[in-house]
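Shown next: data_3.cif, containing mmCIF, C-alpha atoms.
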```cif
data_work
#
loop_
_atom_site.label_atom_id
_atom_site.label_comp_id
_atom_site.auth_asym_id
_atom_site.auth_seq_id
_atom_site.Cartn_x
_atom_site.Cartn_y
_atom_site.Cartn_z
CA MET A 1 51.03 -27.94 121.24
CA PRO A 2 51.72 -25.56 124.16
CA VAL A 3 53.99 -28.06 125.90
CA HIS A 4 55.35 -25.45 128.28
CA SER A 5 51.85 -24.35 129.31
CA ASP A 6 50.86 -27.93 130.07
CA HIS A 7 54.00 -28.41 132.16
CA VAL A 8 53.47 -25.16 134.03
CA LEU A 9 49.86 -26.03 134.81
CA ALA A 10 50.87 -29.50 136.01
CA LEU A 11 53.57 -28.02 138.26
CA LEU A 12 51.10 -25.53 139.73
CA ILE A 13 48.66 -28.33 140.55
CA VAL A 14 51.24 -30.75 141.93
CA PHE A 15 53.38 -28.33 143.93
CA VAL A 16 51.88 -24.86 144.32
CA LEU A 17 48.36 -25.92 145.38
CA PRO A 18 49.60 -28.22 148.19
CA LEU A 19 52.20 -25.73 149.41
CA ARG A 20 49.69 -22.88 149.44
CA ALA A 21 47.25 -25.00 151.44
CA TRP A 22 49.96 -26.17 153.85
CA TRP A 23 51.23 -22.65 154.46
CA GLY A 24 47.69 -21.35 154.87
CA MET A 25 46.89 -24.03 157.47
CA ARG A 26 50.11 -23.24 159.30
CA THR A 27 49.15 -19.57 159.41
CA LEU A 28 45.66 -20.43 160.63
CA ASN A 29 46.94 -22.71 163.39
CA ALA A 30 49.35 -19.99 164.53
CA ALA A 31 46.65 -17.32 164.67
CA SER A 32 45.30 -16.16 168.02
CA PRO A 33 41.72 -17.26 168.75
CA GLU A 34 40.23 -13.83 168.11
CA ARG A 35 41.92 -13.65 164.67
CA VAL A 36 40.94 -17.14 163.52
CA PRO A 37 37.62 -16.23 161.82
CA ALA A 38 39.22 -13.49 159.72
CA VAL A 39 42.23 -15.64 158.77
CA ARG A 40 39.92 -18.55 157.96
CA ALA A 41 37.75 -16.45 155.64
CA ARG A 42 40.82 -15.01 153.92
CA LEU A 43 42.16 -18.52 153.24
CA TRP A 44 38.82 -19.59 151.79
CA TRP A 45 38.70 -16.67 149.37
CA ARG A 46 42.31 -17.19 148.33
CA ALA A 47 41.61 -20.85 147.60
CA ILE A 48 38.55 -19.93 145.55
CA VAL A 49 40.46 -17.35 143.51
CA MET A 50 43.45 -19.62 142.92
CA GLN A 51 41.43 -22.63 141.80
CA TRP A 52 39.34 -20.61 139.37
CA ALA A 53 42.51 -18.92 138.08
CA LEU A 54 43.91 -22.36 137.28
CA ILE A 55 40.65 -23.28 135.54
CA GLY A 56 40.94 -20.07 133.51
CA MET A 57 44.47 -21.03 132.51
CA LEU A 58 43.31 -24.51 131.56
CA ALA A 59 40.45 -23.13 129.47
CA LEU A 60 42.81 -20.73 127.70
CA VAL A 61 45.26 -23.50 126.79
CA TRP A 62 42.46 -25.77 125.56
CA ALA A 63 40.95 -23.00 123.46
CA GLN A 64 44.28 -21.98 121.95
CA GLU A 65 45.02 -25.57 120.94
CA ASP A 66 41.45 -26.27 119.85
CA ARG A 67 41.35 -29.33 122.09
CA SER A 68 38.07 -31.11 122.69
CA PRO A 69 36.35 -31.05 126.10
CA VAL A 70 35.95 -34.80 125.60
CA SER A 71 39.66 -35.24 126.37
CA LEU A 72 38.90 -33.92 129.88
CA ALA A 73 35.79 -36.09 130.26
CA LEU A 74 33.63 -32.96 130.17
CA VAL A 75 30.77 -34.83 128.60
CA LEU A 76 27.55 -36.24 129.94
CA ARG A 77 26.14 -39.10 127.91
CA PRO A 78 23.26 -41.29 129.12
CA ASN A 79 24.49 -44.82 129.86
CA TRP A 80 24.04 -47.57 132.43
CA GLY A 81 27.11 -46.47 134.33
CA LEU A 82 25.76 -42.95 134.71
CA ALA A 83 22.39 -44.32 135.81
CA GLY A 84 24.06 -46.48 138.45
CA VAL A 85 26.08 -43.55 139.76
CA LEU A 86 22.97 -41.37 140.01
CA ILE A 87 21.10 -44.10 141.89
CA GLY A 88 24.03 -44.44 144.27
CA LEU A 89 24.12 -40.67 144.72
CA ALA A 90 20.42 -40.58 145.58
CA THR A 91 20.97 -43.31 148.18
CA ILE A 92 23.91 -41.45 149.73
CA VAL A 93 21.94 -38.18 149.88
CA SER A 94 19.13 -40.00 151.67
CA LEU A 95 21.54 -41.39 154.27
CA VAL A 96 23.22 -38.01 154.69
CA MET A 97 19.91 -36.28 155.34
CA ARG A 98 19.14 -38.82 158.05
CA GLN A 99 22.51 -38.20 159.69
CA ARG A 100 21.94 -34.45 159.46
CA ALA A 101 18.66 -34.80 161.35
CA ARG A 102 20.26 -37.02 164.02
CA VAL A 103 23.14 -34.63 164.73
CA ALA A 104 20.84 -32.10 166.39
CA GLN A 105 19.43 -34.76 168.71
CA GLU A 106 22.36 -37.02 169.66
CA PRO A 107 25.25 -35.60 171.72
CA GLU A 108 27.36 -38.69 171.08
CA LEU A 109 27.06 -38.21 167.34
CA GLN A 110 28.04 -34.57 167.76
CA ARG A 111 31.11 -35.66 169.70
CA SER A 112 32.00 -38.17 166.98
CA VAL A 113 31.73 -35.52 164.26
CA ARG A 114 33.93 -33.14 166.28
CA GLU A 115 36.57 -35.85 166.59
CA GLN A 116 36.47 -36.51 162.84
CA LEU A 117 36.93 -32.80 162.15
CA ALA A 118 39.66 -32.32 164.75
CA SER A 119 42.54 -31.99 162.26
CA VAL A 120 40.74 -29.27 160.28
CA ARG A 121 38.60 -27.75 163.05
CA ARG A 122 39.97 -24.24 162.58
CA LEU A 123 39.45 -24.43 158.82
CA MET A 124 35.78 -25.36 158.99
CA PRO A 125 32.80 -22.98 159.33
CA HIS A 126 31.57 -22.36 162.87
CA THR A 127 28.55 -20.16 162.12
CA THR A 128 25.78 -19.89 159.54
CA GLY A 129 27.37 -16.74 158.15
CA GLU A 130 30.69 -18.51 157.66
CA PHE A 131 28.95 -21.45 156.05
CA ARG A 132 27.69 -19.22 153.23
CA VAL A 133 31.26 -18.43 152.22
CA PHE A 134 32.34 -22.02 152.81
CA ALA A 135 29.57 -23.15 150.46
CA ALA A 136 31.23 -21.15 147.67
CA LEU A 137 34.50 -22.90 148.49
CA ALA A 138 32.81 -26.31 148.48
CA VAL A 139 31.26 -25.74 145.05
CA THR A 140 34.58 -24.40 143.78
CA ALA A 141 36.42 -27.48 145.04
CA GLY A 142 33.84 -29.80 143.52
CA ILE A 143 34.14 -28.25 140.09
CA CYS A 144 37.76 -27.13 139.97
CA GLU A 145 39.52 -29.98 141.77
CA GLU A 146 37.75 -32.59 139.67
CA LEU A 147 38.62 -30.76 136.47
CA LEU A 148 42.22 -30.20 137.54
CA PHE A 149 42.95 -33.64 139.01
CA ARG A 150 40.58 -36.17 137.43
CA GLY A 151 40.46 -34.15 134.20
CA PHE A 152 43.68 -32.36 133.28
CA LEU A 153 46.21 -34.16 135.47
CA THR A 154 44.99 -37.59 134.38
CA TRP A 155 45.15 -36.46 130.74
CA TYR A 156 48.61 -34.97 131.24
CA LEU A 157 50.11 -37.96 133.06
CA ALA A 158 48.55 -40.42 130.62
CA HIS A 159 50.91 -39.08 127.93
CA HIS A 160 53.84 -40.22 130.05
CA LEU A 161 52.56 -43.16 132.10
CA GLY A 162 49.57 -44.56 130.26
CA LEU A 163 46.01 -44.17 131.49
CA PRO A 164 45.87 -46.73 134.35
CA LEU A 165 49.09 -45.49 136.00
CA ALA A 166 48.11 -41.88 135.33
CA ALA A 167 44.80 -42.39 137.14
CA ALA A 168 46.58 -44.00 140.09
CA ALA A 169 49.24 -41.28 140.19
CA GLN A 170 46.73 -38.43 140.28
CA VAL A 171 44.94 -40.14 143.19
CA VAL A 172 48.21 -40.18 145.15
CA ILE A 173 48.92 -36.57 144.21
CA PHE A 174 45.39 -35.57 145.24
CA GLY A 175 45.92 -37.17 148.65
CA VAL A 176 49.33 -35.53 149.15
CA ALA A 177 47.81 -32.18 148.12
CA HIS A 178 45.91 -32.37 151.42
CA LEU A 179 49.05 -32.81 153.53
CA TYR A 180 47.91 -29.82 155.62
CA GLN A 181 45.39 -32.23 157.20
CA GLY A 182 48.15 -34.53 158.42
CA PHE A 183 48.79 -38.14 157.49
CA GLY A 184 45.22 -39.17 158.26
CA GLY A 185 43.92 -36.45 155.97
CA ILE A 186 46.19 -37.62 153.15
CA VAL A 187 44.84 -41.16 153.48
CA LYS A 188 41.21 -40.06 153.66
CA THR A 189 41.42 -37.72 150.69
CA GLY A 190 43.41 -40.34 148.79
CA PHE A 191 40.51 -42.76 149.20
CA ALA A 192 38.12 -39.98 148.21
CA GLY A 193 40.20 -39.33 145.09
CA ALA A 194 40.07 -43.02 144.21
CA PHE A 195 36.30 -42.96 144.66
CA PHE A 196 35.91 -39.89 142.43
CA THR A 197 38.14 -41.54 139.82
CA ALA A 198 35.93 -44.64 139.86
CA VAL A 199 32.86 -42.44 139.44
CA VAL A 200 34.41 -40.83 136.36
CA TRP A 201 35.33 -44.19 134.85
CA ILE A 202 31.92 -45.71 135.51
CA SER A 203 29.88 -42.74 134.33
CA GLY A 204 32.29 -41.61 131.60
CA SER A 205 32.04 -38.02 132.82
CA LEU A 206 33.49 -35.58 135.33
CA VAL A 207 30.08 -34.07 135.99
CA PRO A 208 28.79 -36.66 138.51
CA ALA A 209 32.13 -36.58 140.34
CA MET A 210 31.93 -32.78 140.50
CA LEU A 211 28.44 -32.98 141.96
CA ILE A 212 29.34 -35.65 144.53
CA HIS A 213 32.54 -33.85 145.52
CA ALA A 214 30.73 -30.56 146.09
CA LEU A 215 27.93 -32.24 148.06
CA MET A 216 30.43 -34.06 150.28
CA ASP A 217 32.23 -30.81 151.11
CA LEU A 218 28.94 -29.00 151.70
CA HIS A 219 27.83 -31.79 154.03
CA ALA A 220 31.08 -31.60 156.00
CA GLY A 221 30.74 -27.83 156.32
CA ASP A 222 27.11 -28.09 157.39
CA LEU A 223 27.96 -30.64 160.09
CA ALA A 224 30.85 -28.46 161.27
CA ARG A 225 28.74 -25.35 161.82
CA ARG A 226 26.26 -27.47 163.78
CA VAL A 227 28.72 -29.08 166.19
CA LEU A 228 31.70 -26.72 166.48
CA PRO A 229 31.73 -23.88 169.01
CA GLN A 230 31.54 -20.34 167.66
CA ASP A 231 34.46 -19.39 169.88
CA THR A 232 37.34 -21.05 167.98
CA GLY A 233 39.56 -20.70 170.99
CA ILE A 234 37.50 -23.32 172.83
CA THR A 235 37.95 -26.98 172.07
CA HIS A 236 35.13 -29.35 172.93
CA ALA A 237 36.10 -32.51 174.71
#
```
Written as structure tokens, how would this file's structure read?
Amino acid sequence: MPVHSDHVLALLIVFVLPLRAWWGMRTLNAASPERVPAVRARLWWRAIVMQWALIGMLALVWAQEDRSPVSLALVLRPNWGLAGVLIGLATIVSLVMRQRARVAQEPELQRSVREQLASVRRLMPHTTGEFRVFAALAVTAGICEELLFRGFLTWYLAHHLGLPLAAAAQVVIFGVAHLYQGFGGIVKTGFAGAFFTAVVWISGSLVPAMLIHALMDLHAGDLARRVLPQDTGITHA
């Protein structure tokens, strides 16, 4: 068993990912308004590359040890839990599409969305062109973060804490990994992590959680480019 590889991967997820994101957000917040778009795009691409590099490392370790994808919940078996999750997903998508249509027509809703995105305003896409790159980041986060946190980290911690505590611990770690969003961001992403964990337990698979995670990030990015000003140096009231 490549114990050292497992430890290294866990350390990268728990410490390096959050620190990279925190430092990147600090750099972005310190950038002058005219440099923000370029810095923002660079941070997105770095995040994409780093997360897929970690997935590559995970795949290499699993292949070398001949471990089953089942241990990471990378399976998709028809069951009532999966059916319930898919029905819930369809309902959420329907509600999201209604909100998307309302945003263009209701200034108050636009203001509300801007307030919700205030802590990460500079990190979000402001134009259609930026959204194309952000979409790649959203899909990457949906796939990679679920595999790294709900998959590997839960598996890794379960060897030391048992499954229930391991699941709870990775939720906390997932929230803290978003410390660059401030305390409110940690709480929100912590709840999101708990939700994704519940989806995995109910469906028995990471796949629905990956899909929901990616769609949520895509939705946030789509709302951002609709309500945020293209000039990142201007803050809407």
Once the PyMOL selection byres ((chain A and resi 189) around 10) is applied to the coordinates I shared, what remains selected? I want it as a compact mmCIF listing (two decimals) with C-alpha atoms, in the coordinates of the input.
```
# COMPACT_ATOMS: atom_id res chain seq x y z
CA VAL A 171 44.94 -40.14 143.19
CA VAL A 172 48.21 -40.18 145.15
CA ILE A 173 48.92 -36.57 144.21
CA PHE A 174 45.39 -35.57 145.24
CA GLY A 175 45.92 -37.17 148.65
CA VAL A 176 49.33 -35.53 149.15
CA ALA A 177 47.81 -32.18 148.12
CA HIS A 178 45.91 -32.37 151.42
CA LEU A 179 49.05 -32.81 153.53
CA GLN A 181 45.39 -32.23 157.20
CA GLY A 184 45.22 -39.17 158.26
CA GLY A 185 43.92 -36.45 155.97
CA ILE A 186 46.19 -37.62 153.15
CA VAL A 187 44.84 -41.16 153.48
CA LYS A 188 41.21 -40.06 153.66
CA GLY A 190 43.41 -40.34 148.79
CA PHE A 191 40.51 -42.76 149.20
CA ALA A 192 38.12 -39.98 148.21
CA GLY A 193 40.20 -39.33 145.09
CA ALA A 194 40.07 -43.02 144.21
CA PHE A 195 36.30 -42.96 144.66
```
Return as AutoDock Vina command-line options the box centre and box size in Å, one decimal, for an axis-aligned box around all listed atoms of region 86-102 of chain A padded by 3 Å per side.
```
--center_x 21.4 --center_y -39.4 --center_z 152.0 --size_x 11.5 --size_y 16.0 --size_z 30.0
```
Inset, instruction - Taking (32.8, -22.3, 164.7) in the file's own coordinates, collect the residues within 9 Å, counting all atoms listed in the file, and hand them back as a ChimeraX atom specification. - result: /A:37,121-122,124-127,130,224-232
Inset, instruction - Can you give me, as a PyMOL selection string, the residues this file yields under the PyMOL selection byres ((chain A and resi 89) around 12)? - result: chain A and resi 82-88+90-96+199+208-213+215-216
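Here CA of Arg98 (chain A) and CA of Ala198 (chain A) stand 25.4 Å from one another.
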Legend entry - Coordinates-based distance that separates CA of Phe183 (chain A) from CA of Ser119 (chain A) (Å, one decimal): 10.0 Å
Inset, instruction - Taking the file above as input, evaluate the PyMOL selection byres ((chain A and resi 62) around 12) and report the hits as an NGL selection string. - result: :A and (1-3 or 5-6 or 9 or 55-61 or 63-72 or 152)
Legend entry - CA of Thr128 (chain A) to CA of Leu19 (chain A), straight-line distance in Å: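 Rounded to one decimal, the two atoms are 28.9 Å apart.
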Within 9 Å of Leu28 (chain A) using only C-alpha atoms, minus same-chain residues under 2 positions, as an mmCIF file with C-alpha atoms, in the frame of the given file:
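Resulting contents of selection.cif:
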```cif
data_model
loop_
_atom_site.group_PDB
_atom_site.id
_atom_site.type_symbol
_atom_site.label_atom_id
_atom_site.label_comp_id
_atom_site.auth_asym_id
_atom_site.auth_seq_id
_atom_site.Cartn_x
_atom_site.Cartn_y
_atom_site.Cartn_z
ATOM 1 C CA TRP A 23 51.230 -22.650 154.460
ATOM 2 C CA GLY A 24 47.690 -21.350 154.870
ATOM 3 C CA MET A 25 46.890 -24.030 157.470
ATOM 4 C CA ARG A 26 50.110 -23.240 159.300
ATOM 5 C CA ALA A 30 49.350 -19.990 164.530
ATOM 6 C CA ALA A 31 46.650 -17.320 164.670
ATOM 7 C CA SER A 32 45.300 -16.160 168.020
ATOM 8 C CA ARG A 35 41.920 -13.650 164.670
ATOM 9 C CA VAL A 36 40.940 -17.140 163.520
ATOM 10 C CA VAL A 39 42.230 -15.640 158.770
ATOM 11 C CA ARG A 40 39.920 -18.550 157.960
ATOM 12 C CA LEU A 43 42.160 -18.520 153.240
ATOM 13 C CA ARG A 122 39.970 -24.240 162.580
ATOM 14 C CA LEU A 123 39.450 -24.430 158.820
#
```
Legend entry - Which of A:Ala167, A:Leu17, A:Val8, A:Ala220 sits closest to Phe131 (chain A) [using all atoms listed in the file]: A:Ala220
Tell me which protein, DNA and RNA residues are within 10 Å of Ile143 (chain A), counting all atoms listed in the file, leaving out same-chain ones fewer than 2 positions away, and put them as a PDB file with C-alpha atoms, in the frame of the given file.
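Contents of part19.pdb, as written:
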```
ATOM      1  CA  GLN A  51      41.430 -22.630 141.800  1.00  0.00           C
ATOM      2  CA  TRP A  52      39.340 -20.610 139.370  1.00  0.00           C
ATOM      3  CA  ILE A  55      40.650 -23.280 135.540  1.00  0.00           C
ATOM      4  CA  LEU A 137      34.500 -22.900 148.490  1.00  0.00           C
ATOM      5  CA  ALA A 138      32.810 -26.310 148.480  1.00  0.00           C
ATOM      6  CA  VAL A 139      31.260 -25.740 145.050  1.00  0.00           C
ATOM      7  CA  THR A 140      34.580 -24.400 143.780  1.00  0.00           C
ATOM      8  CA  ALA A 141      36.420 -27.480 145.040  1.00  0.00           C
ATOM      9  CA  GLU A 145      39.520 -29.980 141.770  1.00  0.00           C
ATOM     10  CA  GLU A 146      37.750 -32.590 139.670  1.00  0.00           C
ATOM     11  CA  LEU A 147      38.620 -30.760 136.470  1.00  0.00           C
ATOM     12  CA  LEU A 148      42.220 -30.200 137.540  1.00  0.00           C
ATOM     13  CA  LEU A 206      33.490 -35.580 135.330  1.00  0.00           C
ATOM     14  CA  VAL A 207      30.080 -34.070 135.990  1.00  0.00           C
ATOM     15  CA  ALA A 209      32.130 -36.580 140.340  1.00  0.00           C
ATOM     16  CA  MET A 210      31.930 -32.780 140.500  1.00  0.00           C
ATOM     17  CA  LEU A 211      28.440 -32.980 141.960  1.00  0.00           C
ATOM     18  CA  ILE A 212      29.340 -35.650 144.530  1.00  0.00           C
ATOM     19  CA  HIS A 213      32.540 -33.850 145.520  1.00  0.00           C
ATOM     20  CA  ALA A 214      30.730 -30.560 146.090  1.00  0.00           C
TER      21      ALA A 214
END
```
Legend entry - Residue nearest His219 (chain A) among A:Met50, A:Ala73, A:Ile13, A:Ala135 (counting all atoms listed in the file):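 The answer is A:Ala135, which sits nearest to His219 (chain A).
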Legend entry - Of the listed residues A:Arg20, A:Arg111, A:Arg42, A:His159, that which approaches Val133 (chain A) most closely, counting only C-alpha atoms: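 Using only C-alpha atoms, the shortest distance to Val133 (chain A) belongs to A:Arg42.
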Legend entry - Pick from A:Leu223, A:Ala53, A:Val103, A:Leu12 nearest to Leu117 (chain A), counting all atoms listed in the file: A:Leu223
Inset, instruction - Rank nothing, just name the residue among A:Glu34, A:Val120, A:Tyr156, A:Arg150 nearest to Gly182 (chain A), using all atoms listed in the file. - result: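 Smallest distance to Gly182 (chain A) is found for A:Val120.
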